[in-house]
Structure formats: structure tokens, C-alpha cells
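Undergrad: Please read through the structure below; I'll follow up with questions.
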Amino acid sequence: MSAAPDGGPLAGRWAVVTGASRGIGAEVARRLLADGARVALVARSRDALATLAQELDAEPIVCDVADPEQVERAAERVGALAGGAPDIVVNNAGVFSIGAAHKTSLDLFRRTLEVNLVAPFALVRAFLPGMLARGSGHIVTLGSVADRNIFPGNAAYSASKYGLRALHEVLRAELRGSGVRTTLVSPGPVDTELWDPIDPDHQPGFTPRSSMLDADAVAGAVLYAITAPSAVNVDELRLSRS
């Protein structure tokens, strides 16, 4: 991978973005690279990841974040690239489905928790010790409107996102004064491929895709938090379509 662009507020910093092959993750990666960061893209979609990595001149790391062994290998690869803990971790990877609680299989419920909650925790465990030793770093967690609001059909997703918000709040309490910052970015519905199998435009009570946020808006919020002055922690950003 060639060197990051000269200059920019993130010049010289390493970032890792999960769920980076498309949607919000891809837009976050674009924003970080445009501001000078060097970026490791983590996703399980090998072909899409390779295409984006070539487009952005970023480092692709194929990983199913629901698999602890793959997460461990990915963390080792990021550490090798960054020469230790990365400066920025964006925990964005997620899965989403709609279904009544009694119709949601245990396997689906378990995988939702593994991807949306356990994997972010695993990456925090992998990288936080190095950040603390260095006295700097930023952990960004992608939450959701569903981490505070209950919607029918969201048993698995809301459980994972409520837990993710709790994890963020614990980290914020533990990291205050350490030099390591943590931010929760919780958008309302975002128009990404995630909605393709659900077709919200033809589902009663769902937000039409034309009225959703776009992924670039969420990426802008992530960049705002990351580029805030080092003495400022942006604890939480909740985003909705104006």
C-alpha cells in the first residue's frame, strides 16, 4: 500500500474500520483516507473488500467478525501494520434482520449478538491495552436508533445495540482521563444495502429509503468526533434526517 496523502488532520495515524466493504464502513474509510489516515479495511466479503481496497489504496483484511479466531488474526495483522495498537478503531460491522421474537431462531439471535456486540468487545480487548500504554487512541462505536428505542421485530438487533451502548458507556467511565477517547454514533435509518431484502418502501410503518440518512452523513459524524481537539471527548452523537 502506498503512503497516505500528505497533510490532513489524521496524517500519520492508523485506523481500522470493520464492516468496511460497503455502506457506512466504506464511507468512513473514504473520509479517514481523505484526511490523511492509513486505513485497514476489515470485512468478510472478499471480492467487495478487494475492490474497495484497490480503489482507496487501503489495506484489506478478510475477516468474519463473528469468528473469534479470525478476529484474533485480524487484530494481529492490524498490529503489525500499525506497529502496535491503531490510533482509531471504528466498530461498524453489523447484521440486521426483522422478525417477531418467537419466530427468531436461536442461531440468528446468537449470530446477531456475536457480530454486533461480542466482536466490538473483542477488538476493544485486542487494542485498548496498547492505546492505554501509549496514552492516546479513539474507539468509535456505531450504534443505532434501536439502542434507545424499541421497535417490533427487533428482538435480536435491539438486544445487541442496547448492549453495545452499555459497553460504550462503561468504556467512557473507565477511560476518562486516560488519553483514550470513545464515541458512540447512533443514526436513525441509513440507506444502505442492508435494507435490500426488507424493502422498507413497501412495508407499513417503515421509513422510506428516500427519507433515510445517507452513509456519507454518518461518516461525516464519525470524522467530526475523531478530529475534535484532543482535550474534547464527543461522548455520543444521535443522528436523524432533518
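Identifiers in the C-alpha cells: chain A, B, ... in order shown; residue index from 1 per chain; ligand index from 1 in order shown.
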Could you give me, as a ChimeraX atom specification, the residues within 12 Å of Asp35 of chain A, counting only C-alpha atoms and dropping anything in the same chain fewer than 2 positions from it?

TA: /A:4-15,28-33,37-39,220,223-224,226-227

Undergrad: For segment 98-106 of chain A, work out the shell of residues within 7 Å, counting only C-alpha atoms and skipping chain neighbours fewer than 2 positions away, then give it as a list in words.

TA: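 These residues fall inside the cut-off: Leu108, Phe109, Arg110, Pro152, Gly153, Asn154 and Ala155 of chain A.
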
Undergrad: May I have all residues of segment 3-214 of chain A that DSSP, computed from the backbone, assigns to strand (DSSP E), given as number ranges by chain?

TA: A: 14-18, 38-43, 59-62, 88-91, 137-142, 180-187

Undergrad: For the residues selected in the previous step, produce a file with N, CA and C atoms as a compact mmCIF listing (two decimals), in the first residue's frame.

TA:
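Wrote it out as again_5.txt, contents follow:
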# COMPACT_ATOMS: atom_id res chain seq x y z
N TRP A 14 -2.99 5.44 12.08
CA TRP A 14 -3.56 4.21 11.56
C TRP A 14 -4.97 4.03 12.11
N ALA A 15 -5.89 3.64 11.23
CA ALA A 15 -7.27 3.38 11.62
C ALA A 15 -7.68 2.00 11.13
N VAL A 16 -8.55 1.34 11.88
CA VAL A 16 -9.15 0.09 11.43
C VAL A 16 -10.66 0.28 11.44
N VAL A 17 -11.29 -0.13 10.34
CA VAL A 17 -12.74 0.00 10.18
C VAL A 17 -13.31 -1.38 9.89
N THR A 18 -14.25 -1.83 10.72
CA THR A 18 -14.89 -3.12 10.46
C THR A 18 -16.16 -2.90 9.64
N ARG A 38 -4.02 6.25 7.39
CA ARG A 38 -3.81 4.96 6.73
C ARG A 38 -4.83 4.01 7.33
N VAL A 39 -5.50 3.23 6.48
CA VAL A 39 -6.69 2.51 6.92
C VAL A 39 -6.60 1.03 6.60
N ALA A 40 -6.91 0.21 7.60
CA ALA A 40 -7.10 -1.22 7.41
C ALA A 40 -8.59 -1.50 7.32
N LEU A 41 -9.00 -2.09 6.21
CA LEU A 41 -10.40 -2.39 5.96
C LEU A 41 -10.67 -3.84 6.36
N VAL A 42 -11.60 -4.04 7.28
CA VAL A 42 -11.93 -5.38 7.76
C VAL A 42 -13.36 -5.72 7.34
N ALA A 43 -13.52 -6.84 6.64
CA ALA A 43 -14.85 -7.29 6.22
C ALA A 43 -14.74 -8.74 5.78
N GLU A 59 -5.58 -1.13 3.09
CA GLU A 59 -5.13 -2.48 3.39
C GLU A 59 -6.34 -3.37 3.67
N PRO A 60 -6.62 -4.40 2.84
CA PRO A 60 -7.77 -5.28 3.07
C PRO A 60 -7.42 -6.41 4.03
N ILE A 61 -8.33 -6.68 4.97
CA ILE A 61 -8.17 -7.80 5.89
C ILE A 61 -9.49 -8.57 5.91
N VAL A 62 -9.50 -9.74 5.29
CA VAL A 62 -10.72 -10.55 5.23
C VAL A 62 -10.95 -11.20 6.59
N ILE A 88 -7.05 4.63 15.75
CA ILE A 88 -8.51 4.76 15.65
C ILE A 88 -9.09 3.39 15.37
N VAL A 89 -10.11 3.02 16.10
CA VAL A 89 -10.88 1.81 15.84
C VAL A 89 -12.33 2.21 15.60
N VAL A 90 -12.88 1.87 14.45
CA VAL A 90 -14.28 2.13 14.16
C VAL A 90 -15.01 0.79 14.10
N ASN A 91 -15.74 0.48 15.15
CA ASN A 91 -16.51 -0.76 15.23
C ASN A 91 -17.86 -0.53 14.54
N GLY A 137 -5.68 7.34 21.69
CA GLY A 137 -6.45 6.44 20.84
C GLY A 137 -7.90 6.87 20.83
N HIS A 138 -8.64 6.33 19.89
CA HIS A 138 -10.06 6.68 19.79
C HIS A 138 -10.84 5.45 19.34
N ILE A 139 -11.84 5.07 20.12
CA ILE A 139 -12.72 3.96 19.79
C ILE A 139 -14.08 4.54 19.42
N VAL A 140 -14.49 4.31 18.19
CA VAL A 140 -15.80 4.79 17.72
C VAL A 140 -16.72 3.59 17.55
N THR A 141 -17.87 3.65 18.16
CA THR A 141 -18.85 2.57 18.11
C THR A 141 -20.07 3.04 17.31
N LEU A 142 -20.45 2.26 16.30
CA LEU A 142 -21.66 2.59 15.53
C LEU A 142 -22.85 1.94 16.21
N VAL A 180 -7.39 8.11 26.06
CA VAL A 180 -8.12 7.32 25.06
C VAL A 180 -9.57 7.78 25.06
N ARG A 181 -10.05 8.13 23.89
CA ARG A 181 -11.42 8.64 23.78
C ARG A 181 -12.34 7.57 23.20
N THR A 182 -13.61 7.71 23.49
CA THR A 182 -14.59 6.76 22.94
C THR A 182 -15.88 7.50 22.61
N THR A 183 -16.44 7.21 21.45
CA THR A 183 -17.62 7.91 20.94
C THR A 183 -18.63 6.91 20.43
N LEU A 184 -19.89 7.13 20.76
CA LEU A 184 -21.00 6.36 20.21
C LEU A 184 -21.72 7.20 19.18
N VAL A 185 -21.82 6.70 17.96
CA VAL A 185 -22.57 7.38 16.89
C VAL A 185 -23.79 6.53 16.57
N SER A 186 -24.97 7.09 16.86
CA SER A 186 -26.22 6.32 16.73
C SER A 186 -27.15 6.99 15.72
N PRO A 187 -27.13 6.51 14.49
CA PRO A 187 -28.00 7.10 13.46
C PRO A 187 -29.37 6.45 13.44

Undergrad: Determine the nearest neighbour of Asn233 of chain A from the options A:Gly19, A:Gly79, A:Gly94, A:Gly177, counting only C-alpha atoms.

TA: A:Gly177

Undergrad: Using only C-alpha atoms, which protein or nucleic acid residues come within 12 Å of Gly84 of chain A? Drop anything in the same chain fewer than 2 positions from it, and give the result as a PyMOL selection string.

TA: chain A and resi 13-15+75-82+86-88+126-134+137

Undergrad: Please list as a PDB file with all heavy atoms, in the first residue's frame every residue within 10 Å of Leu239 of chain A, counting only C-alpha atoms and excluding residues in the same chain fewer than 4 positions away.

TA:
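result01.pdb, freshly written:
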ATOM      1  N   SER A 144     -27.207   2.765  17.000  1.00  0.00           N
ATOM      2  CA  SER A 144     -28.415   2.815  16.183  1.00  0.00           C
ATOM      3  C   SER A 144     -29.509   3.518  16.977  1.00  0.00           C
ATOM      4  O   SER A 144     -29.462   3.575  18.218  1.00  0.00           O
ATOM      5  CB  SER A 144     -28.868   1.393  15.831  1.00  0.00           C
ATOM      6  OG  SER A 144     -30.191   1.370  15.347  1.00  0.00           O
ATOM      7  N   VAL A 145     -30.502   4.018  16.257  1.00  0.00           N
ATOM      8  CA  VAL A 145     -31.695   4.499  16.943  1.00  0.00           C
ATOM      9  C   VAL A 145     -32.288   3.397  17.808  1.00  0.00           C
ATOM     10  O   VAL A 145     -32.932   3.654  18.825  1.00  0.00           O
ATOM     11  CB  VAL A 145     -32.722   5.028  15.914  1.00  0.00           C
ATOM     12  CG1 VAL A 145     -33.211   3.892  15.012  1.00  0.00           C
ATOM     13  CG2 VAL A 145     -33.893   5.719  16.595  1.00  0.00           C
ATOM     14  N   VAL A 185     -21.825   6.699  17.956  1.00  0.00           N
ATOM     15  CA  VAL A 185     -22.568   7.381  16.887  1.00  0.00           C
ATOM     16  C   VAL A 185     -23.788   6.534  16.573  1.00  0.00           C
ATOM     17  O   VAL A 185     -23.670   5.411  16.093  1.00  0.00           O
ATOM     18  CB  VAL A 185     -21.704   7.574  15.626  1.00  0.00           C
ATOM     19  CG1 VAL A 185     -22.522   8.237  14.517  1.00  0.00           C
ATOM     20  CG2 VAL A 185     -20.458   8.401  15.951  1.00  0.00           C
ATOM     21  N   SER A 186     -24.965   7.086  16.856  1.00  0.00           N
ATOM     22  CA  SER A 186     -26.215   6.321  16.734  1.00  0.00           C
ATOM     23  C   SER A 186     -27.148   6.987  15.722  1.00  0.00           C
ATOM     24  O   SER A 186     -27.871   7.925  16.063  1.00  0.00           O
ATOM     25  CB  SER A 186     -26.907   6.212  18.089  1.00  0.00           C
ATOM     26  OG  SER A 186     -26.113   5.493  19.003  1.00  0.00           O
ATOM     27  N   PRO A 187     -27.134   6.513  14.488  1.00  0.00           N
ATOM     28  CA  PRO A 187     -28.001   7.100  13.464  1.00  0.00           C
ATOM     29  C   PRO A 187     -29.374   6.450  13.440  1.00  0.00           C
ATOM     30  O   PRO A 187     -29.556   5.306  13.873  1.00  0.00           O
ATOM     31  CB  PRO A 187     -27.249   6.808  12.167  1.00  0.00           C
ATOM     32  CG  PRO A 187     -26.539   5.509  12.452  1.00  0.00           C
ATOM     33  CD  PRO A 187     -26.206   5.523  13.923  1.00  0.00           C
ATOM     34  N   GLY A 188     -30.330   7.201  12.899  1.00  0.00           N
ATOM     35  CA  GLY A 188     -31.598   6.601  12.514  1.00  0.00           C
ATOM     36  C   GLY A 188     -31.386   5.765  11.265  1.00  0.00           C
ATOM     37  O   GLY A 188     -30.248   5.447  10.898  1.00  0.00           O
ATOM     38  N   PRO A 189     -32.455   5.385  10.574  1.00  0.00           N
ATOM     39  CA  PRO A 189     -32.310   4.535   9.386  1.00  0.00           C
ATOM     40  C   PRO A 189     -31.370   5.158   8.351  1.00  0.00           C
ATOM     41  O   PRO A 189     -31.454   6.352   8.062  1.00  0.00           O
ATOM     42  CB  PRO A 189     -33.739   4.432   8.851  1.00  0.00           C
ATOM     43  CG  PRO A 189     -34.619   4.684  10.037  1.00  0.00           C
ATOM     44  CD  PRO A 189     -33.875   5.679  10.881  1.00  0.00           C
ATOM     45  N   VAL A 190     -30.474   4.333   7.821  1.00  0.00           N
ATOM     46  CA  VAL A 190     -29.490   4.778   6.832  1.00  0.00           C
ATOM     47  C   VAL A 190     -29.698   3.967   5.557  1.00  0.00           C
ATOM     48  O   VAL A 190     -29.835   2.748   5.602  1.00  0.00           O
ATOM     49  CB  VAL A 190     -28.053   4.580   7.349  1.00  0.00           C
ATOM     50  CG1 VAL A 190     -27.037   5.090   6.319  1.00  0.00           C
ATOM     51  CG2 VAL A 190     -27.861   5.302   8.684  1.00  0.00           C
ATOM     52  N   LEU A 213     -31.216   8.711   6.208  1.00  0.00           N
ATOM     53  CA  LEU A 213     -29.892   9.309   6.120  1.00  0.00           C
ATOM     54  C   LEU A 213     -29.085   8.600   5.036  1.00  0.00           C
ATOM     55  O   LEU A 213     -29.353   7.439   4.709  1.00  0.00           O
ATOM     56  CB  LEU A 213     -29.162   9.164   7.449  1.00  0.00           C
ATOM     57  CG  LEU A 213     -29.666   9.983   8.637  1.00  0.00           C
ATOM     58  CD1 LEU A 213     -29.127   9.397   9.936  1.00  0.00           C
ATOM     59  CD2 LEU A 213     -29.248  11.440   8.486  1.00  0.00           C
ATOM     60  N   ALA A 217     -23.339  10.952   5.398  1.00  0.00           N
ATOM     61  CA  ALA A 217     -23.674  11.807   6.537  1.00  0.00           C
ATOM     62  C   ALA A 217     -23.198  11.182   7.845  1.00  0.00           C
ATOM     63  O   ALA A 217     -22.691  11.872   8.740  1.00  0.00           O
ATOM     64  CB  ALA A 217     -25.177  12.052   6.578  1.00  0.00           C
ATOM     65  N   VAL A 218     -23.357   9.864   7.958  1.00  0.00           N
ATOM     66  CA  VAL A 218     -22.898   9.172   9.166  1.00  0.00           C
ATOM     67  C   VAL A 218     -21.375   9.215   9.238  1.00  0.00           C
ATOM     68  O   VAL A 218     -20.784   9.446  10.296  1.00  0.00           O
ATOM     69  CB  VAL A 218     -23.409   7.721   9.192  1.00  0.00           C
ATOM     70  CG1 VAL A 218     -22.970   7.029  10.474  1.00  0.00           C
ATOM     71  CG2 VAL A 218     -24.930   7.692   9.073  1.00  0.00           C
ATOM     72  N   ALA A 221     -20.196  12.410  10.616  1.00  0.00           N
ATOM     73  CA  ALA A 221     -20.313  12.491  12.075  1.00  0.00           C
ATOM     74  C   ALA A 221     -19.159  11.776  12.761  1.00  0.00           C
ATOM     75  O   ALA A 221     -18.616  12.249  13.769  1.00  0.00           O
ATOM     76  CB  ALA A 221     -21.645  11.900  12.519  1.00  0.00           C
TER      77      ALA A 221
END

Undergrad: Quote the spacing between atom CA of Asp214 of chain A and atom CA of Glu27 of chain A in Å to one decimal place.

TA: 9.8 Å

Undergrad: Point out the residue among A:Gln70, A:Thr112, A:Ser158, A:Thr192 with the least atom-to-atom distance to Gly23 of chain A, counting only C-alpha atoms.

TA: A:Thr192

Undergrad: Taking only segment 2-237 of chain A into account, list the residues labelled alpha helix (DSSP H) by DSSP (computed from the backbone), as a PyMOL selection string.

TA: chain A and resi 23-34+46-56+68-82+106-113+119-134+155-175+215-226

Undergrad: Using only C-alpha atoms for the distances, tell me which of A:Arg111, A:Arg44, A:Arg22, A:Arg209 is nearest to Tyr157 of chain A.

TA: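 Once distances to Tyr157 of chain A are computed over only C-alpha atoms, the minimum belongs to A:Arg111.
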
Undergrad: So the first atom is atom CA of Ala53 of chain A and the second is atom CA of Phe96 of chain A; what is the distance between them in Å, to one decimal place?

TA: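 These atoms are spaced 24.5 Å apart.
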
Undergrad: Pick the closest to Gly135 of chain A from A:Thr51, A:Ser230, A:Asn116, A:Asn149: which is it, counting only C-alpha atoms?

TA: A:Ser230
